Amino acid sequence: MNQALDELLDLLDLEQIEQNIFRGSSRSALVPRVFGGQVAAQALVAAGRTVPADRTAHSLHSYFLRMGDPGAPIVYTVDRIRDGRSFTTRRVVAVQHGQPIFHLSASFQVHEEGLEHQADMPAAPDPESLPTAAEMLPRHLPAKVAQRLVEARAAVDLRYADTPPWGSVGEPREPRSQVWFRTNGKLADDPLLHVCLATYVSDMTLLDSVLLAHGRGGWAVGDVVGASLDHAMWFHRPFRADEWLLYDQESPSASGGRGLGQARIWTQDGRLAISVIQEGVVRVPH
(Lines give C-alpha, C1' and ligand atoms only; values in the text may rest on other atoms or scores of the structure.)
Protein backbone atom coordinates (compact mmCIF):
# COMPACT_ATOMS: atom_id res chain seq x y z
CA MET A 1 0.00 0.00 0.00
CA ASN A 2 1.40 3.42 -0.90
CA GLN A 3 1.70 6.35 1.50
CA ALA A 4 -1.03 8.38 -0.21
CA LEU A 5 -3.54 5.57 0.25
CA ASP A 6 -2.50 5.20 3.90
CA GLU A 7 -3.16 8.92 4.36
CA LEU A 8 -6.54 8.68 2.66
CA LEU A 9 -7.58 5.75 4.86
CA ASP A 10 -6.52 7.76 7.93
CA LEU A 11 -8.66 10.62 6.62
CA LEU A 12 -11.68 8.31 6.45
CA ASP A 13 -11.06 6.88 9.93
CA LEU A 14 -13.14 9.49 11.73
CA GLU A 15 -12.76 10.29 15.41
CA GLN A 16 -15.92 9.64 17.43
CA ILE A 17 -16.30 12.49 19.90
CA GLU A 18 -19.80 11.66 21.19
CA GLN A 19 -22.64 9.31 20.38
CA ASN A 20 -23.65 10.06 16.75
CA ILE A 21 -20.99 12.80 16.44
CA PHE A 22 -17.73 12.35 14.54
CA ARG A 23 -14.83 14.59 13.58
CA GLY A 24 -12.70 14.49 10.47
CA SER A 25 -9.77 16.42 9.04
CA SER A 26 -9.01 17.41 5.45
CA ARG A 27 -6.18 17.12 2.96
CA SER A 28 -4.94 19.71 0.52
CA ALA A 29 -6.78 19.85 -2.80
CA LEU A 30 -6.22 21.40 -6.22
CA VAL A 31 -8.43 24.33 -5.26
CA PRO A 32 -8.54 26.22 -1.93
CA ARG A 33 -11.53 24.28 -0.58
CA VAL A 34 -12.28 20.81 0.71
CA PHE A 35 -12.62 18.21 -2.06
CA GLY A 36 -16.28 17.25 -2.36
CA GLY A 37 -15.58 13.54 -2.66
CA GLN A 38 -13.77 13.66 0.68
CA VAL A 39 -16.73 15.21 2.50
CA ALA A 40 -19.19 12.77 0.91
CA ALA A 41 -17.01 9.77 1.80
CA GLN A 42 -16.48 10.94 5.39
CA ALA A 43 -20.20 11.58 5.84
CA LEU A 44 -20.94 8.05 4.60
CA VAL A 45 -18.37 6.67 7.04
CA ALA A 46 -20.14 8.52 9.88
CA ALA A 47 -23.53 7.17 8.81
CA GLY A 48 -22.22 3.63 8.38
CA ARG A 49 -20.71 3.53 11.85
CA THR A 50 -24.20 3.87 13.36
CA VAL A 51 -25.66 1.00 11.31
CA PRO A 52 -25.67 -2.74 12.14
CA ALA A 53 -22.91 -4.66 10.36
CA ASP A 54 -25.37 -6.85 8.42
CA ARG A 55 -26.68 -3.82 6.47
CA THR A 56 -24.81 -2.36 3.53
CA ALA A 57 -25.23 1.02 1.85
CA HIS A 58 -27.51 0.93 -1.19
CA SER A 59 -27.98 4.65 -1.88
CA LEU A 60 -26.98 8.16 -0.91
CA HIS A 61 -28.32 11.59 -1.81
CA SER A 62 -26.40 14.72 -0.88
CA TYR A 63 -26.06 18.47 -1.30
CA PHE A 64 -22.94 20.62 -1.11
CA LEU A 65 -24.08 23.72 0.78
CA ARG A 66 -20.95 25.80 1.40
CA MET A 67 -17.28 25.73 0.45
CA GLY A 68 -15.33 23.69 2.98
CA ASP A 69 -12.27 25.09 4.76
CA PRO A 70 -9.37 22.60 4.38
CA GLY A 71 -7.63 24.11 7.41
CA ALA A 72 -10.45 23.38 9.89
CA PRO A 73 -11.90 20.11 11.24
CA ILE A 74 -15.29 18.97 10.02
CA VAL A 75 -17.88 17.75 12.53
CA TYR A 76 -20.38 15.15 11.30
CA THR A 77 -23.65 14.76 13.21
CA VAL A 78 -25.70 11.64 12.45
CA ASP A 79 -29.48 11.60 12.82
CA ARG A 80 -30.85 8.05 13.16
CA ILE A 81 -33.95 8.59 11.05
CA ARG A 82 -35.20 5.00 10.84
CA ASP A 83 -34.26 1.47 11.83
CA GLY A 84 -36.64 -0.88 10.04
CA ARG A 85 -36.65 -4.64 9.56
CA SER A 86 -34.97 -4.41 6.16
CA PHE A 87 -33.82 -0.80 5.76
CA THR A 88 -31.92 1.69 7.90
CA THR A 89 -31.91 5.41 7.08
CA ARG A 90 -29.42 7.98 8.30
CA ARG A 91 -29.10 11.73 7.80
CA VAL A 92 -25.71 13.41 8.25
CA VAL A 93 -24.89 17.10 8.50
CA ALA A 94 -21.27 18.25 8.13
CA VAL A 95 -20.47 21.46 10.02
CA GLN A 96 -17.54 23.89 9.97
CA HIS A 97 -17.29 27.22 11.80
CA GLY A 98 -20.83 26.73 13.13
CA GLN A 99 -22.42 26.38 9.67
CA PRO A 100 -23.51 23.32 7.67
CA ILE A 101 -21.38 22.76 4.58
CA PHE A 102 -22.81 19.41 3.43
CA HIS A 103 -25.94 17.32 3.91
CA LEU A 104 -26.27 13.60 3.20
CA SER A 105 -29.05 11.05 3.44
CA ALA A 106 -28.04 7.41 3.14
CA SER A 107 -30.00 4.16 3.17
CA PHE A 108 -28.71 0.72 4.18
CA GLN A 109 -30.32 -2.68 3.59
CA VAL A 110 -29.96 -6.25 4.80
CA HIS A 111 -29.04 -8.70 2.03
CA GLU A 112 -32.04 -9.99 0.09
CA GLU A 113 -32.53 -12.25 -2.92
CA GLY A 114 -34.77 -10.85 -5.67
CA LEU A 115 -35.26 -10.10 -9.35
CA GLU A 116 -32.05 -9.59 -11.33
CA HIS A 117 -31.26 -7.76 -14.56
CA GLN A 118 -28.79 -5.13 -15.71
CA ALA A 119 -27.74 -3.12 -18.76
CA ASP A 120 -24.84 -4.37 -20.87
CA MET A 121 -21.38 -3.08 -20.05
CA PRO A 122 -20.07 -0.66 -22.72
CA ALA A 123 -16.94 -1.40 -24.71
CA ALA A 124 -13.75 -0.03 -23.15
CA PRO A 125 -10.01 -0.61 -23.57
CA ASP A 126 -8.15 -2.85 -21.14
CA PRO A 127 -7.06 -0.66 -18.20
CA GLU A 128 -3.57 -2.18 -18.19
CA SER A 129 -3.11 -0.90 -21.77
CA LEU A 130 -3.72 2.73 -20.76
CA PRO A 131 -1.13 5.22 -19.46
CA THR A 132 -1.03 6.02 -15.77
CA ALA A 133 -1.76 9.55 -14.56
CA ALA A 134 1.95 10.18 -14.03
CA GLU A 135 2.60 9.18 -17.66
CA MET A 136 -0.39 10.96 -19.23
CA LEU A 137 -0.82 14.27 -17.38
CA PRO A 138 2.54 15.87 -18.30
CA ARG A 139 1.63 15.43 -21.98
CA HIS A 140 -1.27 17.86 -21.66
CA LEU A 141 -0.59 20.18 -18.72
CA PRO A 142 2.21 22.47 -17.48
CA ALA A 143 4.64 20.52 -15.30
CA LYS A 144 3.62 22.13 -12.00
CA VAL A 145 -0.12 21.65 -12.64
CA ALA A 146 0.41 18.06 -13.74
CA GLN A 147 2.47 17.30 -10.63
CA ARG A 148 -0.17 18.79 -8.32
CA LEU A 149 -2.89 16.72 -9.99
CA VAL A 150 -0.81 13.54 -9.78
CA GLU A 151 -0.15 14.17 -6.08
CA ALA A 152 -3.81 14.97 -5.35
CA ARG A 153 -4.87 11.63 -6.86
CA ALA A 154 -1.92 9.53 -5.73
CA ALA A 155 -4.08 7.21 -3.61
CA VAL A 156 -5.92 6.09 -6.74
CA ASP A 157 -4.74 4.58 -10.01
CA LEU A 158 -7.02 6.48 -12.43
CA ARG A 159 -6.59 5.98 -16.17
CA TYR A 160 -8.43 7.84 -18.94
CA ALA A 161 -9.68 5.72 -21.85
CA ASP A 162 -9.64 8.82 -24.10
CA THR A 163 -7.99 12.23 -24.09
CA PRO A 164 -9.13 14.17 -20.98
CA PRO A 165 -10.76 17.62 -21.30
CA TRP A 166 -7.53 19.54 -20.77
CA GLY A 167 -5.94 17.57 -23.61
CA SER A 168 -8.48 18.69 -26.23
CA VAL A 169 -9.18 22.35 -25.40
CA GLY A 170 -11.09 24.08 -28.20
CA GLU A 171 -12.27 20.80 -29.71
CA PRO A 172 -15.89 20.05 -28.71
CA ARG A 173 -16.75 16.38 -28.90
CA GLU A 174 -19.29 13.84 -27.70
CA PRO A 175 -20.10 14.53 -24.03
CA ARG A 176 -18.89 11.16 -22.83
CA SER A 177 -15.85 10.08 -20.84
CA GLN A 178 -14.51 6.78 -19.55
CA VAL A 179 -11.93 6.17 -16.85
CA TRP A 180 -10.77 3.03 -15.10
CA PHE A 181 -9.86 3.32 -11.43
CA ARG A 182 -8.76 1.32 -8.41
CA THR A 183 -6.96 2.17 -5.20
CA ASN A 184 -3.16 2.07 -5.24
CA GLY A 185 -3.03 -0.82 -2.81
CA LYS A 186 -5.13 -3.60 -1.32
CA LEU A 187 -7.91 -2.83 1.15
CA ALA A 188 -9.43 -4.66 4.09
CA ASP A 189 -12.55 -6.77 3.51
CA ASP A 190 -14.94 -4.11 4.80
CA PRO A 191 -17.88 -3.39 2.43
CA LEU A 192 -18.39 0.09 3.90
CA LEU A 193 -14.76 1.00 3.21
CA HIS A 194 -15.04 0.02 -0.46
CA VAL A 195 -18.29 1.95 -0.88
CA CYS A 196 -16.77 5.04 0.76
CA LEU A 197 -13.67 4.94 -1.42
CA ALA A 198 -15.80 4.63 -4.57
CA THR A 199 -17.77 7.63 -3.32
CA TYR A 200 -14.51 9.56 -2.88
CA VAL A 201 -13.36 8.82 -6.44
CA SER A 202 -16.77 9.41 -8.01
CA ASP A 203 -16.45 13.18 -7.56
CA MET A 204 -13.12 13.41 -9.41
CA THR A 205 -14.18 13.19 -13.06
CA LEU A 206 -17.98 13.11 -13.35
CA LEU A 207 -18.33 16.60 -14.81
CA ASP A 208 -15.60 15.98 -17.42
CA SER A 209 -18.27 15.06 -19.95
CA VAL A 210 -19.87 18.51 -19.55
CA LEU A 211 -16.53 20.11 -20.44
CA LEU A 212 -15.98 17.85 -23.45
CA ALA A 213 -19.22 19.00 -25.09
CA HIS A 214 -17.88 22.56 -25.19
CA GLY A 215 -14.17 22.01 -25.76
CA ARG A 216 -13.30 23.33 -22.30
CA GLY A 217 -10.29 22.15 -20.36
CA GLY A 218 -11.75 22.70 -16.93
CA TRP A 219 -10.39 23.54 -13.52
CA ALA A 220 -6.87 22.37 -14.40
CA VAL A 221 -6.46 25.03 -17.10
CA GLY A 222 -8.82 27.68 -15.68
CA ASP A 223 -11.19 28.14 -18.63
CA VAL A 224 -14.19 27.33 -16.43
CA VAL A 225 -14.95 27.68 -12.74
CA GLY A 226 -17.20 25.28 -10.96
CA ALA A 227 -18.18 23.23 -7.95
CA SER A 228 -20.38 20.25 -7.17
CA LEU A 229 -23.96 21.09 -6.17
CA ASP A 230 -25.43 17.69 -5.43
CA HIS A 231 -24.42 14.05 -5.71
CA ALA A 232 -26.43 10.83 -5.70
CA MET A 233 -25.29 7.20 -5.87
CA TRP A 234 -26.98 3.81 -5.93
CA PHE A 235 -24.94 0.74 -5.01
CA HIS A 236 -26.39 -2.22 -6.89
CA ARG A 237 -23.94 -5.08 -6.42
CA PRO A 238 -20.88 -5.88 -4.31
CA PHE A 239 -17.54 -4.66 -5.62
CA ARG A 240 -14.00 -3.97 -4.47
CA ALA A 241 -12.49 -0.51 -4.84
CA ASP A 242 -9.01 -2.08 -5.00
CA GLU A 243 -9.93 -3.90 -8.23
CA TRP A 244 -10.46 -2.24 -11.61
CA LEU A 245 -13.77 -0.37 -12.00
CA LEU A 246 -14.94 1.27 -15.23
CA TYR A 247 -16.49 4.72 -14.74
CA ASP A 248 -18.60 5.39 -17.85
CA GLN A 249 -19.79 9.03 -17.74
CA GLU A 250 -21.93 11.27 -19.93
CA SER A 251 -23.65 14.65 -19.80
CA PRO A 252 -27.22 14.91 -21.10
CA SER A 253 -27.58 18.63 -20.39
CA ALA A 254 -25.92 21.92 -19.46
CA SER A 255 -27.88 25.14 -18.88
CA GLY A 256 -28.19 28.06 -16.50
CA GLY A 257 -24.56 27.88 -15.41
CA ARG A 258 -25.01 24.24 -14.38
CA GLY A 259 -24.00 20.94 -15.94
CA LEU A 260 -25.41 17.47 -15.31
CA GLY A 261 -23.30 14.33 -15.30
CA GLN A 262 -24.62 10.80 -15.07
CA ALA A 263 -22.61 7.59 -14.96
CA ARG A 264 -22.44 3.90 -14.34
CA ILE A 265 -19.60 2.05 -12.67
CA TRP A 266 -18.85 -1.52 -13.73
CA THR A 267 -16.60 -4.26 -12.39
CA GLN A 268 -14.03 -5.56 -14.84
CA ASP A 269 -16.04 -8.76 -15.31
CA GLY A 270 -19.12 -6.79 -16.43
CA ARG A 271 -21.31 -6.43 -13.33
CA LEU A 272 -23.12 -3.11 -12.91
CA ALA A 273 -21.97 -2.00 -9.45
CA ILE A 274 -23.01 1.66 -9.08
CA SER A 275 -25.11 4.38 -10.72
CA VAL A 276 -24.16 8.03 -10.16
CA ILE A 277 -25.73 11.42 -10.93
CA GLN A 278 -24.27 14.83 -10.13
CA GLU A 279 -25.07 18.43 -11.00
CA GLY A 280 -22.44 21.10 -10.69
CA VAL A 281 -21.85 24.77 -11.30
CA VAL A 282 -19.96 25.17 -14.60
CA ARG A 283 -19.35 28.83 -15.44
CA VAL A 284 -17.19 30.48 -18.05
CA PRO A 285 -15.11 33.25 -16.41
CA HIS A 286 -15.81 36.76 -17.68
# chains A, B, ... in the order shown; residues from 1 in each chain; ligands from 1
call {"tool": "closest_atom_pairs", "arguments": {"of": "range 106-159 of chain A", "to": "range 262-275 of chain A", "cutoff": "12 Å", "atoms": "only C-alpha atoms", "output": "JSON lines"}}
result
{"residue": "A:Glu116", "atom": "CA", "partner": "A:Leu272", "partner_atom": "CA", "distance": 11.1}
{"residue": "A:His117", "atom": "CA", "partner": "A:Leu272", "partner_atom": "CA", "distance": 9.5}
{"residue": "A:Gln118", "atom": "CA", "partner": "A:Leu272", "partner_atom": "CA", "distance": 6.6}
{"residue": "A:Ala119", "atom": "CA", "partner": "A:Leu272", "partner_atom": "CA", "distance": 7.5}
{"residue": "A:Asp120", "atom": "CA", "partner": "A:Gly270", "partner_atom": "CA", "distance": 7.6}
{"residue": "A:Met121", "atom": "CA", "partner": "A:Gly270", "partner_atom": "CA", "distance": 5.7}
{"residue": "A:Pro122", "atom": "CA", "partner": "A:Gly270", "partner_atom": "CA", "distance": 8.8}
{"residue": "A:Ala123", "atom": "CA", "partner": "A:Gly270", "partner_atom": "CA", "distance": 10.1}
{"residue": "A:Ala124", "atom": "CA", "partner": "A:Gln268", "partner_atom": "CA", "distance": 10.0}
{"residue": "A:Pro125", "atom": "CA", "partner": "A:Gln268", "partner_atom": "CA", "distance": 10.8}
{"residue": "A:Asp126", "atom": "CA", "partner": "A:Gln268", "partner_atom": "CA", "distance": 9.0}
{"residue": "A:Pro127", "atom": "CA", "partner": "A:Gln268", "partner_atom": "CA", "distance": 9.2}
{"residue": "A:Glu128", "atom": "CA", "partner": "A:Gln268", "partner_atom": "CA", "distance": 11.5}
call {"tool": "write_last_selection", "arguments": {"atoms": "N, CA, C and O atoms", "output": "CSV table (one decimal), in the first residue's frame"}}
result
chain,number,residue,atom,x,y,z
A,116,GLU,N,-33.4,-10.0,-10.9
A,116,GLU,CA,-32.0,-9.6,-11.3
A,116,GLU,C,-32.1,-9.3,-12.8
A,116,GLU,O,-32.5,-10.1,-13.6
A,117,HIS,N,-31.6,-8.1,-13.2
A,117,HIS,CA,-31.3,-7.8,-14.6
A,117,HIS,C,-30.3,-6.6,-14.5
A,117,HIS,O,-30.3,-5.8,-13.5
A,118,GLN,N,-29.6,-6.3,-15.6
A,118,GLN,CA,-28.8,-5.1,-15.7
A,118,GLN,C,-28.5,-4.8,-17.2
A,118,GLN,O,-28.7,-5.6,-18.1
A,119,ALA,N,-28.1,-3.5,-17.4
A,119,ALA,CA,-27.7,-3.1,-18.8
A,119,ALA,C,-26.4,-3.8,-19.1
A,119,ALA,O,-25.7,-4.3,-18.2
A,120,ASP,N,-26.1,-3.8,-20.4
A,120,ASP,CA,-24.8,-4.4,-20.9
A,120,ASP,C,-23.7,-3.4,-20.6
A,120,ASP,O,-23.9,-2.2,-20.8
A,121,MET,N,-22.6,-3.9,-20.3
A,121,MET,CA,-21.4,-3.1,-20.1
A,121,MET,C,-20.9,-2.5,-21.4
A,121,MET,O,-20.8,-3.2,-22.4
A,122,PRO,N,-20.6,-1.2,-21.5
A,122,PRO,CA,-20.1,-0.7,-22.7
A,122,PRO,C,-18.7,-1.2,-23.0
A,122,PRO,O,-17.9,-1.6,-22.2
A,123,ALA,N,-18.3,-1.0,-24.3
A,123,ALA,CA,-16.9,-1.4,-24.7
A,123,ALA,C,-16.0,-0.4,-24.1
A,123,ALA,O,-16.2,0.8,-24.0
A,124,ALA,N,-14.8,-0.9,-23.7
A,124,ALA,CA,-13.8,0.0,-23.2
A,124,ALA,C,-12.4,-0.7,-23.3
A,124,ALA,O,-12.4,-2.0,-23.3
A,125,PRO,N,-11.3,0.0,-23.5
A,125,PRO,CA,-10.0,-0.6,-23.6
A,125,PRO,C,-9.6,-1.3,-22.2
A,125,PRO,O,-10.1,-0.9,-21.2
A,126,ASP,N,-8.7,-2.2,-22.3
A,126,ASP,CA,-8.2,-2.8,-21.1
A,126,ASP,C,-7.4,-1.8,-20.3
A,126,ASP,O,-6.6,-1.0,-20.8
A,127,PRO,N,-7.7,-1.7,-19.0
A,127,PRO,CA,-7.1,-0.7,-18.2
A,127,PRO,C,-5.5,-0.8,-18.2
A,127,PRO,O,-4.8,0.2,-18.1
A,128,GLU,N,-5.0,-2.0,-18.2
A,128,GLU,CA,-3.6,-2.2,-18.2
A,128,GLU,C,-2.9,-1.6,-19.5
A,128,GLU,O,-1.7,-1.4,-19.5
call {"tool": "residues_around", "arguments": {"residues": "range 249-259 of chain A", "least_positions_apart": "5", "cutoff": "6 Å", "atoms": "only C-alpha atoms", "output": "ChimeraX atom specification"}}
result
/A:175-177,209-210,279-283
call {"tool": "residues_around", "arguments": {"residues": "range 188-203 of chain A", "least_positions_apart": "6", "cutoff": "7 Å", "atoms": "only C-alpha atoms", "output": "PyMOL selection string"}}
result
chain A and resi 36-38+40-41+44-45+48+56+240-241
call {"tool": "closest_residue", "arguments": {"among": "A:Tyr247, A:Trp166, A:Phe35, A:Tyr160", "to": "Arg66 in chain A", "atoms": "only C-alpha atoms"}}
result
A:Phe35
call {"tool": "atom_distance", "arguments": {"atom1": "CA of Gly24 in chain A", "atom2": "CA of Ser62 in chain A"}}
result
17.8 Å
call {"tool": "closest_residue", "arguments": {"among": "A:Val221, A:Leu187, A:Ala213, A:Val145", "to": "Gly167 in chain A", "atoms": "only C-alpha atoms"}}
result
A:Val221
call {"tool": "select_by_dssp", "arguments": {"residues": "range 59-283 of chain A", "states": "alpha helix (DSSP H)", "output": "MDAnalysis selection string"}}
result
chainID A and resid 133:136 143:152 191:205 208:212
call {"tool": "residues_around", "arguments": {"residues": "Pro164 in chain A", "least_positions_apart": "3", "cutoff": "10 Å", "atoms": "only C-alpha atoms", "output": "list in words"}}
result
Met136, Leu137, His140, Arg159, Tyr160, Ala161, Gly167, Ser168, Val169, Ser177, Gln178, Val179, Thr205, Asp208, Ser209, Leu211, Leu212, Gly217 and Gly218 of chain A
